[in-house]
There are 4 protein chains.
Amino acid sequence: MEIRDPVHGSIHILKSEVPIIRHEFFQRLRNIKQLGFSEYVFPGATHTRFIHSIGVMNIASSAFDRLFKNLSNDKDILRLKETFKLACLLHDVGHAPLSHSTETVMPMLDELKIPDRYLSKKDKTKNRQATHEDYTIKSIVDSSFAEAFELVEKEFGVERKYIADLIVGSTDDINYFTHKGINYFPILSQLVSSELDCDRMDYLLRDSYFCGVSYGSFDLDWMLDNLEMCVTDNKAILGINERAVVTFDDFLLSRYHMFIMVYFHYRAVCLEQLLYRYFEKTPNEYRIPASIEEYVEHDDHFLMKVLKRSKSPYAEAIIKNQIPAKIFESFNESQEKTLTKIQDFLQSENIEFIRCSSTGRLSKYYVEEEIRSKYPMKVVRKHFGTDKKSYFDISEATDLFTKFSKSHAVNRLHCHFDDLSDLQKVEILKMSGAI
Amino acid sequence: MEIRDPVHGSIHILKSEVPIIRHEFFQRLRNIKQLGFSEYVFPGATHTRFIHSIGVMNIASSAFDRLFKNLSNDKDILRLKETFKLACLLHDVGHAPLSHSTETVMPMLDELKIPDRYLSKKDKTKNRQATHEDYTIKSIVDSSFAEAFELVEKEFGVERKYIADLIVGSTDDINYFTHKGINYFPILSQLVSSELDCDRMDYLLRDSYFCGVSYGSFDLDWMLDNLEMCVTDNKAILGINERAVVTFDDFLLSRYHMFIMVYFHYRAVCLEQLLYRYFEKTPNEYRIPASIEEYVEHDDHFLMKVLKRSKSPYAEAIIKNQIPAKIFESFNESQEKTLTKIQDFLQSENIEFIRCSSTGRLSKYYVEEEIRSKYPMKVVRKHFGTDKKSYFDISEATDLFTKFSKSHAVNRLHCHFDDLSDLQKVEILKMSGAI
Amino acid sequence: MEIRDPVHGSIHILKSEVPIIRHEFFQRLRNIKQLGFSEYVFPGATHTRFIHSIGVMNIASSAFDRLFKNLSNDKDILRLKETFKLACLLHDVGHAPLSHSTETVMPMLDELKIPDRYLSKKDKTKNRQATHEDYTIKSIVDSSFAEAFELVEKEFGVERKYIADLIVGSTDDINYFTHKGINYFPILSQLVSSELDCDRMDYLLRDSYFCGVSYGSFDLDWMLDNLEMCVTDNKAILGINERAVVTFDDFLLSRYHMFIMVYFHYRAVCLEQLLYRYFEKTPNEYRIPASIEEYVEHDDHFLMKVLKRSKSPYAEAIIKNQIPAKIFESFNESQEKTLTKIQDFLQSENIEFIRCSSTGRLSKYYVEEEIRSKYPMKVVRKHFGTDKKSYFDISEATDLFTKFSKSHAVNRLHCHFDDLSDLQKVEILKMSGAI
Amino acid sequence: MEIRDPVHGSIHILKSEVPIIRHEFFQRLRNIKQLGFSEYVFPGATHTRFIHSIGVMNIASSAFDRLFKNLSNDKDILRLKETFKLACLLHDVGHAPLSHSTETVMPMLDELKIPDRYLSKKDKTKNRQATHEDYTIKSIVDSSFAEAFELVEKEFGVERKYIADLIVGSTDDINYFTHKGINYFPILSQLVSSELDCDRMDYLLRDSYFCGVSYGSFDLDWMLDNLEMCVTDNKAILGINERAVVTFDDFLLSRYHMFIMVYFHYRAVCLEQLLYRYFEKTPNEYRIPASIEEYVEHDDHFLMKVLKRSKSPYAEAIIKNQIPAKIFESFNESQEKTLTKIQDFLQSENIEFIRCSSTGRLSKYYVEEEIRSKYPMKVVRKHFGTDKKSYFDISEATDLFTKFSKSHAVNRLHCHFDDLSDLQKVEILKMSGAI
């Protein structure tokens, strides 16, 4: 089967993968928009997690072929490839409706009854609220979704638990991922989720395409052509050729700029805040079910239906796409001080307001001059005159992490300005410098 | 206000137009997908009639500026421009949920209570089922939508009834459209709806962009640069410069190929047939309300919700995106004979089947060697050495209408093949030439 | 080695292919523009036959992989693939400078001393003027270019003579092309040169990209995904899946429209006519050498240098990009009659003029209701319910050849209008309808 | 006249501008490639300064219309617009063949005989080697090119000397640029040449398009929509709206990445070094003439012809596109130390080598914590609730200049490695870490 994708062209789906894509657990993603409320700002951005997930699998397939070029016909390798492709395809399968804010109405983790093997030590000892990733793992390892995997299990020997391991980022059985003595788990889990993973490579291009902006564009071809496998101590980790370091810089900055220009757009962020407040003020109107089989009904439409029926003013504002006026916004520290003053005034006057704070960070990988990652990415130098390759740390090849180590904060204050008294209005305009 | 559109770039919305776009009558289009069921085949095609309508207005604005270049600052002309832009923006505002099939559950025309002035002679004397165009007219001239037009009425002197006239394609008062003795109604109504209208110019590019195909691409820049105003008997009608005749041919063929390759895709067409059958078999589950104020609730989500709750097997098949197997399809006459035989067999055996017939026509403008249009399009020759322009008929400049005067028919038979007896299966496979 | 191509993205060149691309015979194509004089009309169209040739090889590689999917690791098949790729890479290597008009100053065929084996029966018995294809064959089979093939000969067992055979379209030794009893020469030579060959698939997309027009766009992905191998009588010929017939129609029409809108542009055509006239009037100023080793110097720059030094008014006009005024042009028969009258007048008055006649044809494949091709293309139907495929003729699947069987002619008259007498001017303007 | 540009679409050229574009001084740019030797690396990059210049004028026109929206029909303003458009069109008209390296064979400034008015104080007192900018000024103010300006002088009152002033960046007569008491020279000269000028806005998009890379892409639409005119002390200077600061950051980084990934490509840089060396070693083979009328002959072809005839090994290497092997390259300081060691070794062994050093800087605007510009760019905040705008410095809105204040250096060593002795080879490989 071919799927026509505006971003990657013709995508080939194997016969044995079709039942997974056709299954209602995956079809549910058709009704979960990739960018949630951003559609209200960028009306082209109606693309869904369905096509995004297929796009991620497509990049996964290309990346794998590039890295495992010389091993491509081995049976073990084909099993690994399929396991990896499915981890990429299914990384978002448990995503909640509309936006991450919906996670605040999720049940406690223990209610999901995820098999112990998939819980971290911490999670085993201490309960917490579930996240969409927990729903992803539950869907894959312990639900009626299992029936869709029959063909890939038969044809490739794929085991679902290892798909989950790649998504979680750790495994208790490296044998499944080991071929001729080399453990490929690190590199594959990096490509599922890390600074340079297939998810990000897809969504930057896709969100740019559907929003109609250029911030997210980067050189996918060159990036894929320059992925490298770095084997040390029989472990394979992800590297890039030295000549693609600037491509990687550009990739990181593309993401950073997408955050500020698209994902942090004030309308979308404020709508999300209204949703938070709706959940907070009327906690019983909408809850995410703990049952994975019921969860399949919960998509954007489901939640919008609930909001439409609600009498909450927050729900109504969302439905009508009417946000309170943006009375002040700050991009730098001195503006932030002004903002705090205005906020204090609003509080002292008992005026209801919404403060939207969006903080972008180039990378969570490198924080406070330290690399925070189990498997750090390597840079590969191919030496002139011989076949030798040297590996070194990405932080030696680019100082972008250092340059952008501080986060970038945007803060906004919203309130129903027209409803204020004239005195209040004048005071706010004075403080903001407008008069 | 700017709206970012992946197809046309930055689109500028006037302040006085904002209330129209923000009104719930127009916002409703956010939840009506441009291509209905085609999203199941081309998963990028989640674009809505909301952004399409804005795109049509944007093309309208460019086309108007090109044609009225020398008159652009006149007050009358600015009123005409705004009236025309709004006609383009609102041409789809009454569109029913999901697909044209929903029109079969619309009420009778008289129930809509459209003011007499907007009804054709025929419609005044004989009742019939309403269409989405009737809802469009009703929305514009006789509904609570009126409140959103205050600013354009004040700023430009726009009158809503003339917006409706441009959409309907006839007017009883040409004065509104007349400036310095020339009646501009014909050319403007042609650009709202004709062989070469702003609607088609937008949807071909847009559907191609979001589906990720190239069939609908044509040279919009060259087309717009070569629009001409042809004035005869004080009436302005639409023309194109001779040098853009091939661009026009390419435009017609683009649309034709989009029909066959995208709009007629067997899965989308079959889903639509299932919806027809659902409406037919359980006529009371879903009806379009005659009240225009209630209609605003009726979008894709509303109908999908109804389908989800339904126990009809047709509704269930749509929801599960499971169509009966396509057992035969015909593209030419000899194949069609085979198809008819198989169909006869299915009938004789009392096997339930669906026949999908899609008929594409290059143009309804030129049928049976006759031009069927009130205002035929002209071709303009600019003579060497003088300023003289000659007009002639488009049919003298291109014989494409003649070449493609016949329609192109695609027919398909679907049934639940797996449920048949072995004898029935064998018989069908034999007839189809498969064994 | 990767080559970055704006049309196809990253193109991978094998190490053994590098010497061929680096050789001066191939590097010469860097200075031969793909569209010759069209650059004067579409200033982006400075792309060369160098990058086009690499693009053709890239499409060839994808097409081959699609068609030989299940055979891909066989040594024989790898040899065939490389032979075929090189035929595509080198199909234009003998192209003359600037435009096809340069072929009029080529020597007689016998002067090239092409080995007998590569001459058709007709060519062996009767001498004629050489063409660029003769230079292509000579370059490949009998020149110093041979040194560059050492690596592909060693690694794949490629033989240069069979590269030439694929380009010529016939071979006296089918063994080289036969694997397990099936002769693949027909399908490969079709992909080198036929209605649907890699050359056209590349140049339509490329010329559109660099000119900045959309006429040549077609769905390359779908076309390649639907190529089929049709084996009858142990011969493999080219087919397409039934579901891509409209894609093929669109491809044919794309080419047709590119001819009329781009390749036939009056300025480019008139400049070419001026070059013809230059060659005709001053036959000794520029000759193409018969020696293939000298030929390597002959590129666009070489010829432009000659034109710059010339005192011929035709050369001067080309250099200054000044064409005589276009006084009349005809697109249909009645206009052509007028044109003939004006032409008669110019002749009777002894006014020098240039008549440019461009005739476009949808296809040379199907002329006067007859298929003119050694290996006709097939359409493949895959039957429901079984693995059976049926083949039928392309003319049964589409009637486009019939519809467009007539050619489309554009004629133009150019002269130095300003130099004419007033009486002559008036007469011409009268005849043309301008006054 | 329309010119079709793949980057900007249809570009409209006024009748009065046509003689300038058709003049041989401007047509010369058809044979000067935008990226010189980069074509050898990115074979699509054959685009010329001709189409680039037209693209710059097109952006200029849009930027002007945006900034002067409310003044657009005033005669003075139309004169300013045309003067500004022509400054943008002609900013590169004096560009030397092939690459900036050709400036080393230019004559001394005084030989050009540029009228005194156009020389800076420094240039009047001290002679120096001419640059391509001097040729640009000379072409516009004192050459036979003057004849082409007749129509724009008549229609708009444009004076050539003020075109030159905009290019030079200073004027001794602000009256020409003053309308209703406001001096527009600063903002217009900024748009001709500054951090955010029309030249850069065009070439980033264009070079990306023709190279087939994405590094140079930025959001042109949003940038233009957010240009602001900031009037202080009756002087208009360039500003951008606060909401486009990240777009500006992205624009700066796009240029930075284009430098490193495209303009600094080792092959192109090394070819340029070979050209330098050719000029240095055989100083009499090619000189740029001081006569502006002779200069018109000097384009890429002219210089390539000289190189072809030369017996210099450097010329030969360029013609054959054969550079000495790249034996080492450094991206960071520790690698640079190694490189210096290897270089010392080469020197001590008397081995001829080429060292290529490319240094990229985000901006010359902000060096060593100081803004170095006559007219610094402003950022504009539009206050909520009023019409008030505040201006502040760009350095308050973004710290990108600080982050990237250091330059990025890439160094490479090339030599004929194969000609070295085994001992020398081993020594180099050891030092480089390859063995």
# chains A, B, ... in the order shown; residues from 1 in each chain; ligands from 1
>>> select_by_dssp(residues="segment 128-165 of chain C", states="helix (DSSP H, G or I)", output="list in words")
His132, Glu133, Asp134, Tyr135, Thr136, Ile137, Lys138, Ser139, Ile140, Val141, Ser144, Phe145, Ala146, Glu147, Ala148, Phe149, Glu150, Leu151, Val152, Glu153, Lys154, Glu155, Phe156, Arg160, Lys161, Tyr162, Ile163, Ala164 and Asp165 of chain C
>>> interface_residues(of="chain B", to="chain D", cutoff="8 Å", atoms="only C-alpha atoms", output="PDB file with all heavy atoms, in the first residue's frame")
ATOM      1  N   GLY B   9       0.613  32.354   0.874  1.00  0.00           N
ATOM      2  CA  GLY B   9       1.479  33.174   1.717  1.00  0.00           C
ATOM      3  C   GLY B   9       0.669  34.008   2.688  1.00  0.00           C
ATOM      4  O   GLY B   9      -0.341  33.554   3.231  1.00  0.00           O
ATOM      5  N   SER B  10       1.100  35.241   2.900  1.00  0.00           N
ATOM      6  CA  SER B  10       0.458  36.132   3.866  1.00  0.00           C
ATOM      7  C   SER B  10      -0.803  36.746   3.234  1.00  0.00           C
ATOM      8  O   SER B  10      -0.721  37.377   2.191  1.00  0.00           O
ATOM      9  CB  SER B  10       1.468  37.241   4.199  1.00  0.00           C
ATOM     10  OG  SER B  10       1.337  37.686   5.504  1.00  0.00           O
ATOM     11  N   ASP B 221      -0.152  32.775 -11.506  1.00  0.00           N
ATOM     12  CA  ASP B 221       0.405  34.101 -11.795  1.00  0.00           C
ATOM     13  C   ASP B 221       0.111  34.539 -13.231  1.00  0.00           C
ATOM     14  O   ASP B 221      -0.342  35.652 -13.471  1.00  0.00           O
ATOM     15  CB  ASP B 221       1.937  34.067 -11.626  1.00  0.00           C
ATOM     16  CG  ASP B 221       2.372  34.481 -10.235  1.00  0.00           C
ATOM     17  OD1 ASP B 221       1.519  34.516  -9.338  1.00  0.00           O
ATOM     18  OD2 ASP B 221       3.568  34.758 -10.063  1.00  0.00           O
ATOM     19  N   TRP B 222       0.399  33.663 -14.158  1.00  0.00           N
ATOM     20  CA  TRP B 222       0.206  33.988 -15.576  1.00  0.00           C
ATOM     21  C   TRP B 222      -1.274  34.168 -15.891  1.00  0.00           C
ATOM     22  O   TRP B 222      -1.670  35.057 -16.643  1.00  0.00           O
ATOM     23  CB  TRP B 222       0.829  32.895 -16.456  1.00  0.00           C
ATOM     24  CG  TRP B 222       0.970  33.276 -17.913  1.00  0.00           C
ATOM     25  CD1 TRP B 222       0.303  32.733 -18.970  1.00  0.00           C
ATOM     26  CD2 TRP B 222       1.859  34.273 -18.458  1.00  0.00           C
ATOM     27  NE1 TRP B 222       0.715  33.333 -20.133  1.00  0.00           N
ATOM     28  CE2 TRP B 222       1.656  34.286 -19.850  1.00  0.00           C
ATOM     29  CE3 TRP B 222       2.781  35.177 -17.899  1.00  0.00           C
ATOM     30  CZ2 TRP B 222       2.358  35.144 -20.698  1.00  0.00           C
ATOM     31  CZ3 TRP B 222       3.472  36.025 -18.737  1.00  0.00           C
ATOM     32  CH2 TRP B 222       3.254  36.007 -20.121  1.00  0.00           C
TER      33      TRP B 222
END
>>> atom_distance(atom1="atom CA of Glu228 of chain D", atom2="atom CA of Ser62 of chain D")
13.0 Å
>>> select_by_dssp(residues="segment 149-233 of chain A", states="strand (DSSP E or B)", output="list in words")
Thr178, His179, Ile182, Asn183, Leu227, Glu228, Met229, Cys230, Val231 and Thr232 of chain A
>>> write_last_selection(atoms="N, CA, C and O atoms", output="compact mmCIF listing (two decimals), in the first residue's frame")
# COMPACT_ATOMS: atom_id res chain seq x y z
N THR A 178 20.75 -7.39 20.07
CA THR A 178 22.16 -7.67 19.82
C THR A 178 22.34 -8.57 18.62
O THR A 178 21.65 -9.57 18.45
N HIS A 179 23.24 -8.18 17.75
CA HIS A 179 23.53 -8.96 16.55
C HIS A 179 25.04 -9.03 16.39
O HIS A 179 25.72 -8.01 16.42
N ILE A 182 27.09 -7.00 18.86
CA ILE A 182 26.92 -5.56 19.04
C ILE A 182 25.49 -5.24 19.46
O ILE A 182 24.52 -5.70 18.84
N ASN A 183 25.37 -4.45 20.51
CA ASN A 183 24.07 -4.08 21.05
C ASN A 183 23.58 -2.79 20.36
O ASN A 183 24.17 -1.73 20.52
N LEU A 227 24.23 10.46 8.91
CA LEU A 227 24.11 9.71 10.17
C LEU A 227 25.22 8.65 10.20
O LEU A 227 25.54 8.05 9.18
N GLU A 228 25.76 8.43 11.37
CA GLU A 228 26.84 7.46 11.51
C GLU A 228 26.57 6.55 12.70
O GLU A 228 25.96 6.96 13.68
N MET A 229 27.03 5.33 12.59
CA MET A 229 26.94 4.42 13.71
C MET A 229 28.30 4.38 14.40
O MET A 229 29.31 4.12 13.75
N CYS A 230 28.30 4.66 15.69
CA CYS A 230 29.56 4.68 16.43
C CYS A 230 29.57 3.53 17.42
O CYS A 230 28.78 3.52 18.37
N VAL A 231 30.47 2.60 17.21
CA VAL A 231 30.51 1.42 18.08
C VAL A 231 31.68 1.53 19.07
O VAL A 231 32.83 1.65 18.66
N THR A 232 31.34 1.56 20.32
CA THR A 232 32.39 1.50 21.36
C THR A 232 31.91 0.50 22.41
O THR A 232 30.72 0.51 22.78
>>> atom_distance(atom1="atom CA of Arg79 of chain A", atom2="atom CA of Ala60 of chain A")
13.9 Å
>>> residues_around(residues="Asp172 of chain D", least_positions_apart="4", cutoff="10 Å", atoms="only C-alpha atoms", output="MDAnalysis selection string")
chainID D and resid 117:118 162 165 176
>>> residues_around(residues="segment 279-294 of chain D", least_positions_apart="4", cutoff="7 Å", atoms="only C-alpha atoms", output="PyMOL selection string")
chain D and resi 105-107+111-112+139+143+275
>>> write_last_selection(atoms="N, CA and C atoms", output="PDB file, in the first residue's frame")
ATOM      1  N   VAL D 105      43.087  41.954  -9.653  1.00  0.00           N
ATOM      2  CA  VAL D 105      43.712  42.402 -10.909  1.00  0.00           C
ATOM      3  C   VAL D 105      43.025  43.651 -11.453  1.00  0.00           C
ATOM      4  N   MET D 106      42.385  44.373 -10.576  1.00  0.00           N
ATOM      5  CA  MET D 106      41.789  45.640 -10.981  1.00  0.00           C
ATOM      6  C   MET D 106      42.843  46.748 -10.950  1.00  0.00           C
ATOM      7  N   PRO D 107      42.618  47.798 -11.741  1.00  0.00           N
ATOM      8  CA  PRO D 107      43.558  48.926 -11.767  1.00  0.00           C
ATOM      9  C   PRO D 107      43.427  49.773 -10.497  1.00  0.00           C
ATOM     10  N   GLU D 111      42.588  55.575 -12.032  1.00  0.00           N
ATOM     11  CA  GLU D 111      42.508  55.273 -13.463  1.00  0.00           C
ATOM     12  C   GLU D 111      41.059  55.203 -13.961  1.00  0.00           C
ATOM     13  N   LEU D 112      40.138  54.934 -13.048  1.00  0.00           N
ATOM     14  CA  LEU D 112      38.727  54.845 -13.458  1.00  0.00           C
ATOM     15  C   LEU D 112      38.118  56.211 -13.768  1.00  0.00           C
ATOM     16  N   SER D 139      29.780  53.116 -13.842  1.00  0.00           N
ATOM     17  CA  SER D 139      28.776  52.726 -14.852  1.00  0.00           C
ATOM     18  C   SER D 139      27.559  53.636 -14.790  1.00  0.00           C
ATOM     19  N   SER D 143      29.122  56.978 -17.952  1.00  0.00           N
ATOM     20  CA  SER D 143      29.394  55.995 -19.010  1.00  0.00           C
ATOM     21  C   SER D 143      28.292  56.068 -20.053  1.00  0.00           C
ATOM     22  N   LEU D 275      42.847  30.581  -8.370  1.00  0.00           N
ATOM     23  CA  LEU D 275      42.742  31.767  -9.223  1.00  0.00           C
ATOM     24  C   LEU D 275      43.610  32.899  -8.685  1.00  0.00           C
TER      25      LEU D 275
END
>>> residues_around(residues="segment 44-47 of chain B", least_positions_apart="5", cutoff="6 Å", atoms="only C-alpha atoms", output="list in words")
Thr46 of chain A; Lys33, Gln34, Glu39, Phe210 and Cys211 of chain B
>>> write_last_selection(atoms="C-alpha atoms", output="mmCIF file, in the first residue's frame")
data_model
loop_
_atom_site.group_PDB
_atom_site.id
_atom_site.type_symbol
_atom_site.label_atom_id
_atom_site.label_comp_id
_atom_site.auth_asym_id
_atom_site.auth_seq_id
_atom_site.Cartn_x
_atom_site.Cartn_y
_atom_site.Cartn_z
ATOM 1 C CA THR A 46 -5.223 20.857 10.482
ATOM 2 C CA LYS B 33 -13.388 19.546 5.485
ATOM 3 C CA GLN B 34 -12.913 20.662 1.914
ATOM 4 C CA GLU B 39 -9.066 12.482 3.921
ATOM 5 C CA PHE B 210 -2.757 19.177 0.896
ATOM 6 C CA CYS B 211 -3.172 15.863 -0.929
#
>>> atom_distance(atom1="atom CA of Ile21 of chain A", atom2="atom CA of Ser310 of chain B")
24.2 Å
>>> decode(residues="segment 244-311 of chain D", atoms="C-alpha atoms", output="short mmCIF file (atom, residue, chain, number, x, y, z; two decimals), in the first residue's frame")
data_model
loop_
_atom_site.label_atom_id
_atom_site.label_comp_id
_atom_site.auth_asym_id
_atom_site.auth_seq_id
_atom_site.Cartn_x
_atom_site.Cartn_y
_atom_site.Cartn_z
CA ALA D 244 9.37 39.82 13.71
CA VAL D 245 12.51 39.86 15.83
CA VAL D 246 12.80 36.09 15.71
CA THR D 247 12.23 36.23 11.95
CA PHE D 248 15.21 38.59 11.81
CA ASP D 249 17.26 36.23 13.99
CA ASP D 250 16.35 33.41 11.64
CA PHE D 251 17.36 35.58 8.68
CA LEU D 252 20.79 36.30 10.21
CA LEU D 253 21.35 32.65 11.02
CA SER D 254 20.23 31.60 7.56
CA ARG D 255 22.94 33.75 6.07
CA TYR D 256 25.48 32.46 8.57
CA HIS D 257 24.64 28.84 7.74
CA MET D 258 24.73 29.53 4.01
CA PHE D 259 28.24 30.83 4.45
CA ILE D 260 29.46 27.74 6.21
CA MET D 261 27.57 25.12 4.18
CA VAL D 262 27.59 26.65 0.71
CA TYR D 263 29.84 29.66 0.23
CA PHE D 264 32.73 28.09 2.18
CA HIS D 265 32.58 24.71 0.46
CA TYR D 266 36.15 23.50 0.23
CA ARG D 267 36.13 22.87 -3.52
CA ALA D 268 34.84 26.34 -4.38
CA VAL D 269 37.18 28.03 -1.93
CA CYS D 270 40.20 26.10 -3.19
CA LEU D 271 39.40 26.94 -6.82
CA GLU D 272 39.27 30.59 -5.83
CA GLN D 273 42.68 30.26 -4.16
CA LEU D 274 44.03 28.73 -7.36
CA LEU D 275 42.74 31.77 -9.22
CA TYR D 276 44.47 34.10 -6.76
CA ARG D 277 47.67 32.21 -7.24
CA TYR D 278 47.28 32.32 -11.02
CA PHE D 279 46.91 36.11 -10.88
CA GLU D 280 49.89 36.32 -8.56
CA LYS D 281 52.26 34.10 -10.50
CA THR D 282 51.44 35.32 -14.01
CA PRO D 283 50.40 38.89 -13.38
CA ASN D 284 50.34 39.92 -17.00
CA GLU D 285 48.00 37.37 -18.47
CA TYR D 286 44.80 39.03 -17.33
CA ARG D 287 44.05 42.56 -16.17
CA ILE D 288 40.73 44.28 -15.64
CA PRO D 289 40.64 47.36 -17.92
CA ALA D 290 40.18 50.80 -16.38
CA SER D 291 37.89 51.83 -19.22
CA ILE D 292 34.29 51.25 -18.28
CA GLU D 293 33.37 50.82 -21.94
CA GLU D 294 35.85 48.00 -22.34
CA TYR D 295 34.80 46.47 -19.06
CA VAL D 296 31.47 45.45 -20.57
CA GLU D 297 33.27 42.60 -22.39
CA HIS D 298 34.61 41.20 -19.16
CA ASP D 299 32.35 38.45 -17.95
CA ASP D 300 32.83 34.85 -16.77
CA HIS D 301 33.27 33.59 -20.34
CA PHE D 302 35.94 36.17 -21.08
CA LEU D 303 38.00 35.13 -18.10
CA MET D 304 37.46 31.40 -18.69
CA LYS D 305 38.71 31.87 -22.26
CA VAL D 306 41.88 33.48 -20.90
CA LEU D 307 42.32 30.62 -18.45
CA LYS D 308 41.84 28.05 -21.19
CA ARG D 309 44.57 29.59 -23.33
CA SER D 310 46.98 29.93 -20.43
CA LYS D 311 49.86 27.53 -19.77
#
